[in-house]
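Dumped upload27.cif below, it's mmCIF, C-alpha atoms and all ligand atoms:
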```
data_work
loop_
_atom_site.group_PDB
_atom_site.id
_atom_site.type_symbol
_atom_site.label_atom_id
_atom_site.label_comp_id
_atom_site.auth_asym_id
_atom_site.auth_seq_id
_atom_site.Cartn_x
_atom_site.Cartn_y
_atom_site.Cartn_z
ATOM 1 C CA MET V 245 37.725 131.960 22.989
ATOM 2 C CA GLU V 246 36.574 132.633 19.481
ATOM 3 C CA LEU V 247 33.499 130.642 18.702
ATOM 4 C CA PHE V 248 34.026 130.512 14.974
ATOM 5 C CA TYR V 249 37.679 130.456 14.117
ATOM 6 C CA ASN V 250 39.509 131.961 11.186
ATOM 7 C CA SER V 251 37.349 135.008 11.570
ATOM 8 C CA ILE V 252 37.238 138.006 9.333
ATOM 9 C CA ASN V 253 35.865 141.432 9.928
ATOM 10 C CA ARG V 254 32.675 141.678 7.923
ATOM 11 C CA ARG V 255 32.933 145.455 7.818
ATOM 12 C CA ASP V 256 35.988 144.980 5.653
ATOM 13 C CA PHE V 257 34.034 143.253 2.922
ATOM 14 C CA LEU V 258 34.502 144.659 -0.513
ATOM 15 C CA LYS V 259 31.558 146.151 -2.305
ATOM 16 C CA ASN V 260 30.308 144.381 -5.361
ATOM 17 C CA SER V 261 31.864 145.492 -8.597
ATOM 18 C CA LEU V 262 33.451 143.818 -11.553
ATOM 19 C CA ALA V 263 36.790 145.378 -10.637
ATOM 20 C CA THR V 264 36.805 143.827 -7.189
ATOM 21 C CA MET V 265 35.480 140.572 -8.629
ATOM 22 C CA GLU V 266 38.513 140.419 -10.900
ATOM 23 C CA ILE V 267 40.809 140.762 -7.915
ATOM 24 C CA MET V 268 38.921 138.295 -5.766
ATOM 25 C CA VAL V 269 38.615 135.706 -8.495
ATOM 26 C CA ALA V 270 42.102 136.123 -9.904
ATOM 27 C CA GLY V 271 43.508 133.148 -8.011
ATOM 28 C CA CYS V 272 40.059 131.684 -7.384
ATOM 29 C CA ALA V 273 41.169 131.277 -3.810
ATOM 30 C CA GLY V 274 38.379 130.078 -1.570
ATOM 31 C CA PHE V 275 38.664 129.387 2.102
ATOM 32 C CA ARG V 276 41.075 126.520 2.571
ATOM 33 C CA LEU V 277 40.693 124.541 5.746
ATOM 34 C CA ASN V 278 43.957 125.182 7.504
ATOM 35 C CA TRP V 279 44.891 121.690 8.584
ATOM 36 C CA PHE V 280 44.718 120.383 5.052
ATOM 37 C CA LYS V 281 48.097 119.486 3.620
ATOM 38 C CA GLY V 282 48.957 117.509 0.500
ATOM 39 C CA LYS V 283 46.681 115.497 -1.748
ATOM 40 C CA ARG V 284 43.527 114.038 -0.307
ATOM 41 C CA GLU V 285 41.168 111.531 -1.876
ATOM 42 C CA VAL V 286 38.130 112.293 0.242
ATOM 43 C CA THR V 287 36.625 115.043 2.350
ATOM 44 C CA ASN V 288 33.907 114.437 4.941
ATOM 45 C CA TRP V 289 31.092 116.877 5.621
ATOM 46 C CA ALA V 290 27.993 117.079 7.799
ATOM 47 C CA PHE V 291 24.998 118.643 6.047
ATOM 48 C CA LEU V 292 22.131 119.991 8.106
ATOM 49 C CA ALA V 293 19.110 122.089 7.180
ATOM 50 C CA ASP V 294 16.107 123.737 8.776
ATOM 51 C CA THR V 295 17.182 123.662 12.401
ATOM 52 C CA HIS V 296 14.427 126.209 13.250
ATOM 53 C CA ILE V 297 15.882 127.133 16.625
ATOM 54 C CA SER V 298 13.755 129.467 18.740
ATOM 55 C CA GLN V 299 14.757 131.830 21.525
ATOM 56 C CA ASP V 300 12.449 129.601 23.602
ATOM 57 C CA SER V 301 14.287 126.291 23.918
ATOM 58 C CA ASN V 302 10.995 124.503 24.712
ATOM 59 C CA ASP V 303 9.398 125.589 21.447
ATOM 60 C CA ASN V 304 7.820 122.606 19.676
ATOM 61 C CA TYR V 305 5.807 121.767 16.586
ATOM 62 C CA ARG V 306 4.122 118.489 15.621
ATOM 63 C CA ASN V 307 5.668 117.010 18.755
ATOM 64 C CA PHE V 308 9.199 117.839 17.629
ATOM 65 C CA TYR V 309 11.505 119.905 19.814
ATOM 66 C CA PRO V 310 14.034 121.558 17.453
ATOM 67 C CA TYR V 311 16.336 122.673 20.282
ATOM 68 C CA GLN V 312 16.565 119.141 21.655
ATOM 69 C CA ASN V 313 16.979 117.689 18.159
ATOM 70 C CA LEU V 314 20.024 119.831 17.405
ATOM 71 C CA GLN V 315 21.362 119.075 20.856
ATOM 72 C CA LYS V 316 21.253 115.352 19.937
ATOM 73 C CA VAL V 317 22.835 115.889 16.522
ATOM 74 C CA ILE V 318 25.897 117.784 17.777
ATOM 75 C CA PRO V 319 27.611 114.813 19.516
ATOM 76 C CA GLU V 320 26.871 112.629 16.448
ATOM 77 C CA ILE V 321 28.684 115.147 14.259
ATOM 78 C CA ASN V 322 31.508 115.261 16.766
ATOM 79 C CA THR V 323 31.885 111.481 16.498
ATOM 80 C CA PHE V 324 31.914 111.668 12.704
ATOM 81 C CA SER V 325 34.530 114.433 12.985
ATOM 82 C CA PRO V 326 34.029 115.949 9.526
ATOM 83 C CA ASP V 327 36.224 118.542 7.822
ATOM 84 C CA GLY V 328 33.330 120.966 8.006
ATOM 85 C CA VAL V 329 29.626 121.445 8.655
ATOM 86 C CA ILE V 330 27.138 123.234 6.419
ATOM 87 C CA ILE V 331 23.693 124.289 7.618
ATOM 88 C CA ALA V 332 21.505 124.920 4.575
ATOM 89 C CA GLY V 333 19.270 127.654 5.958
ATOM 90 C CA ASP V 334 16.282 128.258 8.162
ATOM 91 C CA LEU V 335 18.465 128.295 11.211
ATOM 92 C CA ALA V 336 15.861 130.254 13.132
ATOM 93 C CA LEU V 337 12.239 129.494 14.000
ATOM 94 C CA LEU V 338 10.393 132.058 11.857
ATOM 95 C CA GLU V 339 11.703 135.617 11.838
ATOM 96 C CA GLY V 340 15.392 135.225 12.658
ATOM 97 C CA LYS V 341 15.308 136.875 16.064
ATOM 98 C CA LEU V 342 18.497 137.669 17.953
ATOM 99 C CA GLY V 343 17.480 135.227 20.694
ATOM 100 C CA ASP V 344 17.046 132.445 18.122
ATOM 101 C CA TYR V 345 20.640 132.908 16.954
ATOM 102 C CA GLU V 346 21.951 133.192 20.495
ATOM 103 C CA ASN V 347 20.437 129.771 21.238
ATOM 104 C CA LEU V 348 21.799 128.367 17.987
ATOM 105 C CA LYS V 349 25.261 129.657 18.810
ATOM 106 C CA LYS V 350 25.065 128.044 22.230
ATOM 107 C CA LEU V 351 24.097 124.722 20.654
ATOM 108 C CA LEU V 352 26.849 124.856 18.022
ATOM 109 C CA ASN V 353 29.495 125.819 20.540
ATOM 110 C CA PRO V 354 30.749 122.246 21.250
ATOM 111 C CA ILE V 355 31.676 121.721 17.581
ATOM 112 C CA ALA V 356 32.280 125.237 16.292
ATOM 113 C CA ASP V 357 35.589 125.677 18.093
ATOM 114 C CA LYS V 358 36.964 122.536 16.396
ATOM 115 C CA ILE V 359 35.161 122.287 13.069
ATOM 116 C CA PRO V 360 34.260 125.202 10.784
ATOM 117 C CA VAL V 361 30.488 125.637 10.544
ATOM 118 C CA PHE V 362 29.347 127.310 7.319
ATOM 119 C CA ILE V 363 25.899 128.750 7.085
ATOM 120 C CA ALA V 364 23.504 129.475 4.218
ATOM 121 C CA LEU V 365 20.574 131.698 5.110
ATOM 122 C CA GLY V 366 16.947 130.683 4.551
ATOM 123 C CA ASN V 367 13.581 132.406 4.408
ATOM 124 C CA HIS V 368 13.186 132.182 8.174
ATOM 125 C CA ASP V 369 16.468 133.976 8.771
ATOM 126 C CA ASP V 370 17.308 137.638 9.183
ATOM 127 C CA ARG V 371 20.709 138.530 7.721
ATOM 128 C CA ALA V 372 21.411 141.494 10.011
ATOM 129 C CA ASN V 373 20.394 139.660 13.184
ATOM 130 C CA PHE V 374 22.372 136.594 12.169
ATOM 131 C CA LEU V 375 25.507 138.662 11.620
ATOM 132 C CA GLN V 376 25.029 140.479 14.892
ATOM 133 C CA VAL V 377 25.189 137.196 16.813
ATOM 134 C CA PHE V 378 27.542 135.298 14.494
ATOM 135 C CA ASP V 379 30.050 138.112 14.263
ATOM 136 C CA LYS V 380 32.914 135.732 13.602
ATOM 137 C CA ILE V 381 32.204 133.302 10.806
ATOM 138 C CA PRO V 382 34.632 131.051 8.966
ATOM 139 C CA GLY V 383 35.610 131.663 5.394
ATOM 140 C CA GLU V 384 36.003 134.686 3.244
ATOM 141 C CA LYS V 385 32.836 136.432 2.188
ATOM 142 C CA GLN V 386 32.698 136.872 -1.569
ATOM 143 C CA PRO V 387 31.996 140.314 -3.026
ATOM 144 C CA VAL V 388 28.260 139.998 -3.644
ATOM 145 C CA ARG V 389 26.177 142.959 -2.539
ATOM 146 C CA ASP V 390 23.821 142.250 0.407
ATOM 147 C CA LYS V 391 24.354 138.475 0.226
ATOM 148 C CA LEU V 392 26.427 136.052 2.282
ATOM 149 C CA VAL V 393 28.415 133.962 -0.184
ATOM 150 C CA PHE V 394 31.375 131.744 0.650
ATOM 151 C CA VAL V 395 33.745 129.480 -1.247
ATOM 152 C CA VAL V 396 35.410 126.582 0.540
ATOM 153 C CA ASP V 397 38.217 124.802 -1.263
ATOM 154 C CA GLN V 398 38.607 121.460 0.417
ATOM 155 C CA PRO V 399 40.226 119.022 -1.985
ATOM 156 C CA PRO V 400 39.117 116.986 -3.726
ATOM 157 C CA VAL V 401 36.039 119.259 -3.981
ATOM 158 C CA ARG V 402 34.989 122.891 -3.824
ATOM 159 C CA LEU V 403 31.854 123.986 -1.982
ATOM 160 C CA ILE V 404 30.115 127.252 -2.824
ATOM 161 C CA ILE V 405 27.637 128.491 -0.236
ATOM 162 C CA LEU V 406 25.042 130.819 -1.762
ATOM 163 C CA ASP V 407 22.385 133.041 -0.221
ATOM 164 C CA SER V 408 18.763 132.600 -1.369
ATOM 165 C CA LEU V 409 17.146 134.671 1.404
ATOM 166 C CA LEU V 410 14.773 137.148 -0.269
ATOM 167 C CA TYR V 411 12.157 138.183 2.333
ATOM 168 C CA VAL V 412 12.231 137.288 6.015
ATOM 169 C CA ASN V 413 9.401 134.938 6.942
ATOM 170 C CA LYS V 414 7.980 134.666 3.408
ATOM 171 C CA GLU V 415 8.432 131.489 1.441
ATOM 172 C CA PRO V 416 10.128 132.233 -1.904
ATOM 173 C CA GLY V 417 13.862 132.541 -2.437
ATOM 174 C CA LEU V 418 16.037 134.369 -4.939
ATOM 175 C CA LEU V 419 19.728 134.395 -5.702
ATOM 176 C CA GLY V 420 19.328 137.652 -7.609
ATOM 177 C CA GLU V 421 21.190 139.144 -10.521
ATOM 178 C CA ALA V 422 24.352 140.217 -8.665
ATOM 179 C CA GLN V 423 24.852 136.795 -7.110
ATOM 180 C CA ARG V 424 24.140 134.975 -10.376
ATOM 181 C CA GLN V 425 26.621 137.189 -12.212
ATOM 182 C CA TRP V 426 29.233 136.602 -9.533
ATOM 183 C CA LEU V 427 28.620 132.834 -9.693
ATOM 184 C CA GLU V 428 28.900 132.661 -13.474
ATOM 185 C CA PHE V 429 32.067 134.728 -13.440
ATOM 186 C CA TYR V 430 33.598 132.694 -10.619
ATOM 187 C CA LEU V 431 32.757 129.320 -12.165
ATOM 188 C CA LYS V 432 34.222 130.321 -15.505
ATOM 189 C CA LYS V 433 37.452 131.566 -13.933
ATOM 190 C CA CYS V 434 38.181 128.887 -11.353
ATOM 191 C CA ASP V 435 39.860 125.531 -12.014
ATOM 192 C CA ASN V 436 37.966 122.323 -12.748
ATOM 193 C CA THR V 437 37.760 121.033 -9.181
ATOM 194 C CA PRO V 438 34.398 119.232 -8.791
ATOM 195 C CA THR V 439 32.096 121.869 -7.348
ATOM 196 C CA ILE V 440 29.022 121.572 -5.144
ATOM 197 C CA LEU V 441 26.599 124.445 -4.606
ATOM 198 C CA CYS V 442 24.727 124.787 -1.361
ATOM 199 C CA PHE V 443 21.823 127.074 -0.443
ATOM 200 C CA HIS V 444 18.423 126.943 1.227
ATOM 201 C CA HIS V 445 15.653 126.920 -1.370
ATOM 202 C CA THR V 446 14.132 124.038 -3.293
ATOM 203 C CA LEU V 447 14.178 123.854 -7.086
ATOM 204 C CA GLY V 448 10.548 123.216 -8.002
ATOM 205 C CA ASP V 449 8.143 125.440 -9.900
ATOM 206 C CA GLY V 450 6.123 126.622 -6.897
ATOM 207 C CA ASP V 451 5.839 130.147 -5.551
ATOM 208 C CA TRP V 452 7.778 128.958 -2.474
ATOM 209 C CA ASP V 453 10.794 127.700 -4.459
ATOM 210 C CA LEU V 454 13.927 129.411 -5.758
ATOM 211 C CA LEU V 455 12.379 131.935 -8.144
ATOM 212 C CA ASP V 456 15.445 132.244 -10.378
ATOM 213 C CA LYS V 457 15.964 128.487 -10.647
ATOM 214 C CA LEU V 458 15.850 128.520 -14.457
ATOM 215 C CA ARG V 459 18.420 131.303 -14.665
ATOM 216 C CA LEU V 460 20.656 129.346 -12.280
ATOM 217 C CA PHE V 461 20.275 126.164 -14.348
ATOM 218 C CA HIS V 462 21.006 128.150 -17.487
ATOM 219 C CA ILE V 463 24.351 129.181 -15.958
ATOM 220 C CA ILE V 464 25.438 125.892 -14.398
ATOM 221 C CA GLY V 465 23.972 123.396 -16.891
ATOM 222 C CA PRO V 466 26.872 123.716 -19.364
ATOM 223 C CA ILE V 467 29.592 124.101 -16.687
ATOM 224 C CA GLN V 468 30.705 120.509 -16.204
ATOM 225 C CA LYS V 469 32.585 121.112 -12.953
ATOM 226 C CA VAL V 470 29.265 121.761 -11.162
ATOM 227 C CA LYS V 471 28.305 118.316 -9.879
ATOM 228 C CA ALA V 472 25.601 118.786 -7.276
ATOM 229 C CA ILE V 473 23.321 121.199 -5.436
ATOM 230 C CA ILE V 474 22.523 120.643 -1.772
ATOM 231 C CA TYR V 475 19.532 122.434 -0.228
ATOM 232 C CA GLY V 476 16.816 122.206 2.439
ATOM 233 C CA HIS V 477 13.504 124.129 2.779
ATOM 234 C CA SER V 478 11.065 121.261 2.026
ATOM 235 C CA HIS V 479 11.904 119.248 5.179
ATOM 236 C CA GLU V 480 12.130 116.211 2.880
ATOM 237 C CA TYR V 481 14.986 113.844 1.994
ATOM 238 C CA ARG V 482 15.171 113.469 -1.791
ATOM 239 C CA PHE V 483 17.631 112.805 -4.598
ATOM 240 C CA SER V 484 17.017 113.881 -8.188
ATOM 241 C CA THR V 485 18.998 115.220 -11.134
ATOM 242 C CA PHE V 486 19.009 118.050 -13.640
ATOM 243 C CA LYS V 487 21.223 117.596 -16.733
ATOM 244 C CA GLY V 488 23.305 115.175 -14.696
ATOM 245 C CA ILE V 489 23.681 117.612 -11.782
ATOM 246 C CA HIS V 490 22.611 115.872 -8.586
ATOM 247 C CA LEU V 491 19.940 117.706 -6.597
ATOM 248 C CA ILE V 492 20.138 116.666 -2.963
ATOM 249 C CA ASN V 493 17.364 117.776 -0.636
ATOM 250 C CA ILE V 494 18.562 117.468 2.959
ATOM 251 C CA PRO V 495 15.933 116.660 5.648
ATOM 252 C CA ALA V 496 15.163 119.073 8.480
ATOM 253 C CA VAL V 497 16.774 118.834 11.886
ATOM 254 C CA GLY V 498 13.889 120.692 13.547
ATOM 255 C CA TYR V 499 10.731 118.883 12.412
ATOM 256 C CA ASN V 500 9.085 117.290 9.389
ATOM 257 C CA PHE V 501 5.882 118.419 7.673
ATOM 258 C CA ASP V 502 4.820 114.848 6.961
ATOM 259 C CA ASP V 503 5.148 111.652 9.006
ATOM 260 C CA SER V 504 6.721 109.857 6.052
ATOM 261 C CA GLU V 505 9.830 112.092 6.205
ATOM 262 C CA PRO V 506 12.856 111.632 8.447
ATOM 263 C CA VAL V 507 14.167 114.300 10.787
ATOM 264 C CA GLY V 508 17.938 114.360 11.055
ATOM 265 C CA TRP V 509 21.143 115.180 9.209
ATOM 266 C CA VAL V 510 23.268 113.767 6.389
ATOM 267 C CA GLU V 511 26.868 112.658 6.455
ATOM 268 C CA ALA V 512 28.715 113.091 3.143
ATOM 269 C CA ARG V 513 31.945 111.555 1.929
ATOM 270 C CA LEU V 514 32.985 113.478 -1.148
ATOM 271 C CA THR V 515 35.581 112.399 -3.686
ATOM 272 C CA ALA V 516 36.532 113.763 -7.096
ATOM 273 C CA LYS V 517 34.190 111.216 -8.723
ATOM 274 C CA ASN V 518 31.502 110.341 -6.197
ATOM 275 C CA GLY V 519 29.485 111.395 -3.212
ATOM 276 C CA TYR V 520 28.319 108.966 -0.506
ATOM 277 C CA PHE V 521 25.428 110.338 1.511
ATOM 278 C CA THR V 522 24.400 108.621 4.750
ATOM 279 C CA LEU V 523 21.177 109.542 6.526
ATOM 280 C CA HIS V 524 21.238 109.964 10.292
ATOM 281 C CA ALA V 525 17.543 109.978 11.221
ATOM 282 C CA LEU V 526 16.771 110.889 14.802
ATOM 283 C CA GLY V 527 13.024 111.288 14.465
ATOM 284 C CA GLY V 528 10.077 111.109 12.107
ATOM 285 C CA ASN V 529 10.312 108.215 9.674
ATOM 286 C CA LYS V 530 13.512 106.438 10.720
ATOM 287 C CA GLN V 531 13.190 103.554 8.248
ATOM 288 C CA ALA V 532 16.014 104.828 6.055
ATOM 289 C CA ASP V 533 18.308 105.626 8.981
ATOM 290 C CA GLY V 534 21.837 104.601 8.051
ATOM 291 C CA SER V 535 21.037 104.189 4.360
ATOM 292 C CA VAL V 536 23.795 105.239 1.968
ATOM 293 C CA GLU V 537 23.142 106.889 -1.390
ATOM 294 C CA LYS V 538 26.073 106.608 -3.768
ATOM 295 C CA LEU V 539 26.149 109.287 -6.449
ATOM 296 C CA THR V 540 28.509 109.488 -9.395
ATOM 297 C CA TRP V 541 29.414 112.976 -10.595
ATOM 298 C CA ARG V 542 28.737 113.812 -14.245
HETATM 299 ZN ZN ZN F 601 12.675 127.362 4.374
#
```
Just give me the structure of the file as structure tokens.
Ligand SMILES: [Zn+2]
Amino acid sequence: MELFYNSINRRDFLKNSLATMEIMVAGCAGFRLNWFKGKREVTNWAFLADTHISQDSNDNYRNFYPYQNLQKVIPEINTFSPDGVIIAGDLALLEGKLGDYENLKKLLNPIADKIPVFIALGNHDDRANFLQVFDKIPGEKQPVRDKLVFVVDQPPVRLIILDSLLYVNKEPGLLGEAQRQWLEFYLKKCDNTPTILCFHHTLGDGDWDLLDKLRLFHIIGPIQKVKAIIYGHSHEYRFSTFKGIHLINIPAVGYNFDDSEPVGWVEARLTAKNGYFTLHALGGNKQADGSVEKLTWR
């Protein structure tokens, strides 16, 4: 059985160059979920972040057991039965060890053979180790050198999964010039489907944030089809905006840094005009469990 269906051979990936970008972007074809047929008004997604799975399934921090937390979340996602799942980075505990990813794969197994699970890497991930364990991943990797970038066309929206992993086990993140150039080129070429970006790092001004945040905003600010950015990293649940682009900080599955924050995942119903985000809190501050945030796209 293939754990992650619709696999591609990552050794076949094209090297980054403008020539190959032209070919790849020509039709702006992203990965299209294969059971989709005809016009759809809504697509449902499960967003997770910061699972922090260790090779030791008993690993714990601040009285949270990340392995057990993800184990509890999986059947909830199954019940929701979304079109896809996105984990916004920091899959692994600290250094992205092979054993961390083997445990993660084991945990994802009950959903990954039915629902495509897309992954953005975080600062506690190791790209090579991740790819060694997750050798079959859904979607088509975009031609960005040394980065894992995916486009998922799931009407009525498009999701672009970017890679902000800069150094393993150090805080800051960076998209980098090649990825930014690819993104700008892709966004200018593709149709006006409402587009949501997803990656790991937060968008503040700290040394632990996405270091090329301003360059990213410079690109996407004027491109109206970009409606939202979904990310993790802070282990906080927050909504804010930049030039009308919604910035959605997904809570951690593994553990919080502060008692006031929930631990859990977020269910999203996405339409061409709106996003409805429902918190599923399984630990930490559960006061907002079940609360729905309705966002209107710019
Ligand atoms: Zn992080």
When the PyMOL selection byres (((not hetatm)) within 6 of (chain F and resi 601)) is applied to the structure above, which residues does it catch, written out as a short mmCIF file (atom, residue, chain, number, x, y, z; two decimals) with C-alpha atoms, in the frame of the given file?
```
data_model
loop_
_atom_site.label_atom_id
_atom_site.label_comp_id
_atom_site.auth_asym_id
_atom_site.auth_seq_id
_atom_site.Cartn_x
_atom_site.Cartn_y
_atom_site.Cartn_z
CA ASP V 334 16.28 128.26 8.16
CA GLY V 366 16.95 130.68 4.55
CA ASN V 367 13.58 132.41 4.41
CA HIS V 477 13.50 124.13 2.78
#
```
Using all atoms listed in the file, which of V:Ala290, V:Leu351, V:Ala532, V:Leu314 sits nearest V:Tyr499?
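Smallest distance to V:Tyr499 is found for V:Leu314.
When only C-alpha atoms are used to measure the gap to V:Leu455, the shortest distance among V:Ser408, V:Gln315, V:Thr515, V:Thr287 belongs to V:Ser408.
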Excluding stretch 519-524 of chain V and its own-chain neighbours fewer than 5 positions away, which residues fall within 10 Å of it when counting only C-alpha atoms? Please give them as a PyMOL selection string.
chain V and resi 286-291+317+320-321+471-472+481+490+492+494-495+506-514+530+532-541
Separating atom CA of V:Asp397 from atom CA of V:Ile363, to the nearest tenth of an Å, is a gap of 15.4 Å
Given the PyMOL selection byres (((chain V and resi 462) around 12) and not hetatm), the residues it picks as JSON, numbers by chain:
{"V": [424, 425, 427, 428, 456, 457, 458, 459, 460, 461, 463, 464, 465, 466, 467, 486, 487]}
Could you turn the residues from that selection into a file that holds C-alpha atoms, as a PDB file, in the coordinates of the input?
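File written: again.pdb
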```pdb
ATOM      1  CA  ARG V 424      24.140 134.975 -10.376  1.00  0.00           C
ATOM      2  CA  GLN V 425      26.621 137.189 -12.212  1.00  0.00           C
ATOM      3  CA  LEU V 427      28.620 132.834  -9.693  1.00  0.00           C
ATOM      4  CA  GLU V 428      28.900 132.661 -13.474  1.00  0.00           C
ATOM      5  CA  ASP V 456      15.445 132.244 -10.378  1.00  0.00           C
ATOM      6  CA  LYS V 457      15.964 128.487 -10.647  1.00  0.00           C
ATOM      7  CA  LEU V 458      15.850 128.520 -14.457  1.00  0.00           C
ATOM      8  CA  ARG V 459      18.420 131.303 -14.665  1.00  0.00           C
ATOM      9  CA  LEU V 460      20.656 129.346 -12.280  1.00  0.00           C
ATOM     10  CA  PHE V 461      20.275 126.164 -14.348  1.00  0.00           C
ATOM     11  CA  ILE V 463      24.351 129.181 -15.958  1.00  0.00           C
ATOM     12  CA  ILE V 464      25.438 125.892 -14.398  1.00  0.00           C
ATOM     13  CA  GLY V 465      23.972 123.396 -16.891  1.00  0.00           C
ATOM     14  CA  PRO V 466      26.872 123.716 -19.364  1.00  0.00           C
ATOM     15  CA  ILE V 467      29.592 124.101 -16.687  1.00  0.00           C
ATOM     16  CA  PHE V 486      19.009 118.050 -13.640  1.00  0.00           C
ATOM     17  CA  LYS V 487      21.223 117.596 -16.733  1.00  0.00           C
TER      18      LYS V 487
END
```
Ground truth for the PyMOL selection byres (((chain V and resi 365) around 6) and not hetatm), written as JSON, numbers by chain
{"V": [333, 364, 366, 369, 407, 409]}
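Contact shell of V:Pro399 at 9 Å (all atoms listed in the file; same-chain neighbours under 5 positions omitted): V:Arg276, V:Phe280, V:Lys283, V:Arg284, V:Glu285, V:Val286, V:Thr287, V:Thr437, V:Pro438, V:Thr515, V:Ala516.
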Do you know which residues are at most 10 Å from V:Leu342 counting all atoms listed in the file, after dropping those on the same chain fewer than 4 positions away, and could you put them as a ChimeraX atom specification?
/V:298-299,336,346-348,370,372-378
Spatial neighbours of V:Ile297, max dist 6 Å, all atoms listed in the file, sep filter under 6 positions, as a list in words
Pro310, Tyr311, Ala336, Leu337 and Asp344 of chain V
Near V:Asp390, within 10 Å and counting all atoms listed in the file, which residues show up once chain neighbours fewer than 2 positions away are dropped, as a list of chain:residue names?
V:Lys259, V:Asn260, V:Arg371, V:Ala372, V:Pro387, V:Val388, V:Leu392, V:Val393, V:Asp407, V:Ala422, V:Gln423
Report, in Å with one decimal, the straight-line distance from atom CA of V:Gly420 to atom CA of V:Arg389.
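So the answer is 10.0 Å.
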Enter the distance from atom CA of V:Leu431 to atom CA of V:Gly383, in Å, rounded to one decimal.
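Taking atom CA of V:Leu431 and atom CA of V:Gly383, their separation equals 17.9 Å.
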Edge lengths and centre in Å to one decimal, as JSON, is what I'm after for the box along x, y and z that holds all listed atoms of stretch 440-447 of chain V once 3 Å is added on each side.
```
{"center_x": 21.6, "center_y": 124.3, "center_z": -2.9, "size_x": 20.9, "size_y": 11.5, "size_z": 14.3}
```
Can you work out which one of V:Ile489, V:Leu352, V:Leu454, V:Val361 has the shortest atom-to-atom distance to V:Pro326, counting all atoms listed in the file?
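Nearest to V:Pro326: V:Val361.
Minimum distance to V:Glu415 across V:Pro382, V:Pro400, V:Gly450, V:Gly528 (counting only C-alpha atoms) occurs at V:Gly450.
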